[in-house]
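Just below is one structure, and these are the notes that go with it.
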Amino acid sequence: MYVNDLFSPNGKFWNSLLIRELFDSVMADVIVHVPLVEEVHEDKWNWKEEENGCYSVRSGYRLWRKDQVESASGGVDGDWCSLWNIKAPPGSKHLLWRICRDCLPTRTRLRNYHVNCPLRCPFCEDMMEDSWHVFFGCNTTNRCWQITGLSNIIDHRLQNFHDVKSLILDICSKEDSMTAGRVAVMIDTLWKNRNNMVWNNEREDYSKLGLNAFCSWQEWFLAQRYGTNEENRSFIRRWEPPEEGSIKCNVDAGYNNSRGTTNRGWCMRDHMGRFMFAGAAWDVGHYPILEAEALALKEAIQRAIDLQVQNVIFESDSQRTVQAIRSNHQGVSEFSCIISSIHSLLLNFPNFEVKFVKRQANSVAHSIAKAADSWTRRSLFDMILLCIEQLLLHDMN
């Protein structure tokens with residue numbers, strides 16, 4: 001059903017023409033979107049709730065409790081974890097939660113509860129004021145999204161969604177946490193401006209609103225990142241070059257939700273921080289994050305072997321992956337098989353070492369992984385990529 005990739009002797013892709021002859025269109029689409037791995041293993045039972053693929057009473061009970069909570073009466077559908085995980089002040093996230101739970105006291109909602117109040121929007125005085133109109137329907141609101149540079153996040157969703165909850169949860173789950181955080185702060189700013197208009201008859205110009213929202217989020221983000229004293233600053237890490245005679249290779253994995261790919265990237269630098277090689281790869285489908293991180297590390301090690309480089313330190317920001325490599329991790333899961341392959345490679349090349357690094361010091365590999373699906377399925381670069389040029393200069397300084 002599958003054949004070797006013409007551009008990579010070790011790659012595979014589905015024989016879509018044959019599959020579509022044998023199956024109906026719906027089933028064929030499902031089959032061709034199943035990712036293919038390079039190594040073929042014998043089929044075996046695998047318990048996905050544990051990293052090692054083996055069943056345990058603890059994980060079974062945890063899965064049962066999760067099912068009970070989701071099916072409990074009074075529960076509300078939605079990816080709530082993605083909402084609470086965005087990078088935004090707690091008050092802004094709480095406001096998003098109130099909007100999604102439909103408990104924001106807009107004029108339409110107050111009227112439904114028999115509160116004697118006007119129905120029209122206090123700004124345009126044309127449309128009825130509901131949550132959709134406050135944040136996405138009013139002309140004043142639309143200008144604010146343009147000023148903050150977030151209109152590209154909002155505009156195309158206005159055509160696909162017709163309720164605020166679905167639109168907000170889609171942003172939180174599909175955009176990166178910082179972009180979603182900026183959207184949350186903008187929504188918070190719009191709601192405060194609306195209340196100031198209703199209760200004090202005062203309003204800010206839309207250009208100032210957009211600027212205030214952007215500055216508010218940036219100040220909060222920098223405060224969270226750098227802290228206000230030396231103790232809080234101690235967790236910030238920068239990339240550090242290896243000792244002379246050694247090479248450092250940073251590795252990372254990520255997803256492109258819009259294209260449905262799992263991306264991987266790596267970059268080698270010498271003891272002076274100078275660029276040597278970089279690589280990128282991607283596959284259709286979403287691998288579990290631990291599998292993606294482990295696979296990225298394995299591919300980087302294999303490339304180092306192919307390039308015949310010595311004394312390489314591989315750095316990954318996946319602590320669980322590094323711990324699994326250092327420990328006697330065993331199991332039947334796909335993650336366990338990849339870790340086993342990495343063990344074998346490291347045993348044959350004792351001058352290779354795997355270390356954990358903070359995410360702040362892994363920005364170069366992260367940027368390559370983020371852009372991996374812009375190139376061919378597996379790519380090797382011996383020249384500096386534009387997407388990492390400034391990051392490399394920053395690390396060398």
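Letters A, B, ... mark the chains of the structure tokens in the order given; residue numbers begin at 1 per chain; ligand numbers begin at 1, in order shown.
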Closest atom pairs, stretch 182-261 of chain A residues within 9 Å of stretch 81-87 of chain A, only C-alpha atoms, as a Markdown table:
```
| residue | atom | partner | partner_atom | distance |
| --- | --- | --- | --- | --- |
| A:Arg182 | CA | A:Lys87 | CA | 7.9 |
| A:Ala184 | CA | A:Ile86 | CA | 8.6 |
| A:Trp217 | CA | A:Lys87 | CA | 8.9 |
| A:Phe221 | CA | A:Lys87 | CA | 7.5 |
```
Leaving out A:His271 and any residue of its chain fewer than 2 positions from it, which residues lie within 6 Å of it when counting only C-alpha atoms, given as a ChimeraX atom specification? /A:241-244,273
Based on the backbone DSSP call, show me all residues of stretch 21-262 of chain A assigned strand (DSSP E), as a VMD selection string. chain A and resid 247 to 256 261 to 262
Could you check which of A:Val309, A:Val357, A:Ala180, A:Ile368 is closest to A:Gly265, using only C-alpha atoms?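 Checking each candidate against A:Gly265, we get A:Ile368 as the closest.
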Rank nothing, just name the residue among A:Ser327, A:Asn351, A:Asn362, A:Asn52 nearest to A:Gly245, using only C-alpha atoms. A:Asn351
Tell me, which residues of stretch 279-359 of chain A carry DSSP alpha helix (DSSP H), written as a PyMOL selection string? chain A and resi 289-306+319-326+334-348
For A:His162, work out the shell of residues within 12 Å, counting only C-alpha atoms and skipping chain neighbours fewer than 3 positions away, then give it as JSON, numbers by chain. {"A": [131, 132, 133, 136, 137, 156, 157, 158, 159, 165, 166, 167, 168]}
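Residue neighbourhood of A:Arg107, excluding near-sequence residues (fewer than 3 positions): Leu110, Arg111, Cys117, Pro118, Leu119, Arg120, Met128, Glu129 and Asp130 of chain A, at 8 Å, using only C-alpha atoms.
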So which residues touch A:Ala213 within 12 Å, counting only C-alpha atoms, skipping near sequence neighbours fewer than 5 positions away, as a PyMOL selection string? chain A and resi 88-89+92+144-145+147-150+181-193+204+206-208+218-220
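Around A:Glu315, within 9 Å and counting only C-alpha atoms, the residues found are Lys248, Cys249, Asn250, Val251, Asp252, Leu297, Val322, Glu353, Val354, Lys355, Phe356, Val357 and Asn362 of chain A, once anything fewer than 6 positions away on its own chain is removed.
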Selected residues written out, all heavy atoms, as a JSON list (two decimals), in the first residue's frame:
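Result written to out_12.json:
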```
[["chain", "number", "residue", "atom", "x", "y", "z"],
["A", 248, "LYS", "N", 27.82, 21.54, 19.70],
["A", 248, "LYS", "CA", 26.52, 21.48, 20.36],
["A", 248, "LYS", "C", 25.42, 21.45, 19.29],
["A", 248, "LYS", "O", 25.42, 22.25, 18.35],
["A", 248, "LYS", "CB", 26.31, 22.66, 21.30],
["A", 248, "LYS", "CG", 24.98, 22.61, 22.06],
["A", 248, "LYS", "CD", 24.94, 23.63, 23.18],
["A", 248, "LYS", "CE", 25.76, 23.18, 24.37],
["A", 248, "LYS", "NZ", 25.55, 24.05, 25.56],
["A", 249, "CYS", "N", 24.48, 20.52, 19.47],
["A", 249, "CYS", "CA", 23.36, 20.38, 18.53],
["A", 249, "CYS", "C", 22.05, 20.51, 19.30],
["A", 249, "CYS", "O", 21.73, 19.66, 20.13],
["A", 249, "CYS", "CB", 23.42, 19.02, 17.82],
["A", 249, "CYS", "SG", 22.07, 18.74, 16.65],
["A", 250, "ASN", "N", 21.32, 21.59, 19.04],
["A", 250, "ASN", "CA", 20.02, 21.80, 19.68],
["A", 250, "ASN", "C", 18.91, 21.20, 18.84],
["A", 250, "ASN", "O", 18.93, 21.29, 17.61],
["A", 250, "ASN", "CB", 19.76, 23.28, 19.91],
["A", 250, "ASN", "CG", 20.66, 23.85, 20.98],
["A", 250, "ASN", "OD1", 21.79, 24.24, 20.72],
["A", 250, "ASN", "ND2", 20.15, 23.90, 22.20],
["A", 251, "VAL", "N", 17.93, 20.57, 19.50],
["A", 251, "VAL", "CA", 16.89, 19.80, 18.82],
["A", 251, "VAL", "C", 15.53, 20.20, 19.37],
["A", 251, "VAL", "O", 15.39, 20.47, 20.57],
["A", 251, "VAL", "CB", 17.10, 18.28, 19.05],
["A", 251, "VAL", "CG1", 16.05, 17.48, 18.33],
["A", 251, "VAL", "CG2", 18.50, 17.86, 18.63],
["A", 252, "ASP", "N", 14.53, 20.25, 18.50],
["A", 252, "ASP", "CA", 13.16, 20.55, 18.98],
["A", 252, "ASP", "C", 12.15, 19.98, 17.99],
["A", 252, "ASP", "O", 12.48, 19.66, 16.84],
["A", 252, "ASP", "CB", 12.95, 22.06, 19.13],
["A", 252, "ASP", "CG", 11.80, 22.39, 20.06],
["A", 252, "ASP", "OD1", 11.31, 21.47, 20.75],
["A", 252, "ASP", "OD2", 11.39, 23.56, 20.12],
["A", 297, "LEU", "N", 15.24, 14.01, 18.16],
["A", 297, "LEU", "CA", 16.56, 13.73, 18.73],
["A", 297, "LEU", "C", 17.25, 12.59, 17.99],
["A", 297, "LEU", "O", 18.45, 12.65, 17.67],
["A", 297, "LEU", "CB", 16.40, 13.39, 20.21],
["A", 297, "LEU", "CG", 17.67, 13.35, 21.07],
["A", 297, "LEU", "CD1", 18.45, 14.64, 20.96],
["A", 297, "LEU", "CD2", 17.29, 13.08, 22.51],
["A", 322, "VAL", "N", 14.71, 13.30, 27.75],
["A", 322, "VAL", "CA", 16.10, 13.16, 28.21],
["A", 322, "VAL", "C", 16.17, 12.20, 29.39],
["A", 322, "VAL", "O", 17.08, 11.36, 29.47],
["A", 322, "VAL", "CB", 16.68, 14.54, 28.58],
["A", 322, "VAL", "CG1", 18.07, 14.39, 29.18],
["A", 322, "VAL", "CG2", 16.73, 15.45, 27.36],
["A", 353, "GLU", "N", 26.57, 12.93, 23.62],
["A", 353, "GLU", "CA", 25.94, 13.12, 24.93],
["A", 353, "GLU", "C", 24.61, 13.84, 24.76],
["A", 353, "GLU", "O", 24.50, 14.74, 23.91],
["A", 353, "GLU", "CB", 26.86, 13.92, 25.85],
["A", 353, "GLU", "CG", 26.34, 14.09, 27.27],
["A", 353, "GLU", "CD", 27.28, 14.91, 28.14],
["A", 353, "GLU", "OE1", 28.31, 15.39, 27.61],
["A", 353, "GLU", "OE2", 26.97, 15.09, 29.33],
["A", 354, "VAL", "N", 23.61, 13.46, 25.54],
["A", 354, "VAL", "CA", 22.29, 14.09, 25.47],
["A", 354, "VAL", "C", 22.03, 14.83, 26.78],
["A", 354, "VAL", "O", 22.22, 14.27, 27.86],
["A", 354, "VAL", "CB", 21.18, 13.04, 25.24],
["A", 354, "VAL", "CG1", 19.80, 13.70, 25.29],
["A", 354, "VAL", "CG2", 21.38, 12.35, 23.90],
["A", 355, "LYS", "N", 21.60, 16.09, 26.67],
["A", 355, "LYS", "CA", 21.34, 16.92, 27.85],
["A", 355, "LYS", "C", 20.00, 17.63, 27.72],
["A", 355, "LYS", "O", 19.49, 17.85, 26.61],
["A", 355, "LYS", "CB", 22.44, 17.96, 28.04],
["A", 355, "LYS", "CG", 23.78, 17.41, 28.49],
["A", 355, "LYS", "CD", 24.75, 18.55, 28.77],
["A", 355, "LYS", "CE", 26.07, 18.03, 29.32],
["A", 355, "LYS", "NZ", 27.02, 19.14, 29.60],
["A", 356, "PHE", "N", 19.45, 18.00, 28.87],
["A", 356, "PHE", "CA", 18.23, 18.82, 28.90],
["A", 356, "PHE", "C", 18.63, 20.28, 28.96],
["A", 356, "PHE", "O", 19.60, 20.65, 29.63],
["A", 356, "PHE", "CB", 17.38, 18.45, 30.12],
["A", 356, "PHE", "CG", 16.28, 19.44, 30.40],
["A", 356, "PHE", "CD1", 15.16, 19.52, 29.57],
["A", 356, "PHE", "CD2", 16.38, 20.31, 31.48],
["A", 356, "PHE", "CE1", 14.15, 20.44, 29.82],
["A", 356, "PHE", "CE2", 15.37, 21.22, 31.74],
["A", 356, "PHE", "CZ", 14.25, 21.29, 30.92],
["A", 357, "VAL", "N", 17.87, 21.14, 28.26],
["A", 357, "VAL", "CA", 18.12, 22.57, 28.29],
["A", 357, "VAL", "C", 16.78, 23.30, 28.41],
["A", 357, "VAL", "O", 15.75, 22.81, 27.93],
["A", 357, "VAL", "CB", 18.87, 23.02, 27.01],
["A", 357, "VAL", "CG1", 17.98, 22.87, 25.78],
["A", 357, "VAL", "CG2", 19.37, 24.44, 27.13],
["A", 362, "ASN", "N", 16.74, 27.24, 23.68],
["A", 362, "ASN", "CA", 16.55, 26.33, 22.55],
["A", 362, "ASN", "C", 15.78, 27.00, 21.41],
["A", 362, "ASN", "O", 15.13, 26.34, 20.62],
["A", 362, "ASN", "CB", 15.80, 25.07, 23.03],
["A", 362, "ASN", "CG", 16.09, 23.86, 22.16],
["A", 362, "ASN", "OD1", 17.20, 23.67, 21.71],
["A", 362, "ASN", "ND2", 15.07, 23.04, 21.96]]
```
For stretch 384-395 of chain A, please output as number ranges by chain all residues within 10 Å (counting only C-alpha atoms; exclusion window: fewer than 3 positions along the same chain). A: 238-241, 267, 269, 273-278, 361, 363-368, 370-371, 381
Can you measure atom CA of A:Leu222 to atom CA of A:Met178 for me? One decimal in Å is fine.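 So the two atoms, atom CA of A:Leu222 and atom CA of A:Met178, lie 11.8 Å apart.
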Looking at only C-alpha atoms, which of A:Ala223, A:Leu18, A:Phe349, A:Lys358 is the one that sits closest to A:Gln308?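 Using only C-alpha atoms, A:Gln308 sits closest to A:Phe349.
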Top pick for closest residue to A:Val32, considering A:Ser16, A:Thr262, A:Asn152, A:Thr140 and counting only C-alpha atoms: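 Among the listed residues, A:Ser16 lies closest to A:Val32.
Atom to atom, atom CA of A:Gly78 and atom CA of A:Val34 stand 25.4 Å apart.
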Between atom CA of A:Arg264 and atom CA of A:Ala369 - distance in Å to one decimal: 4.5 Å
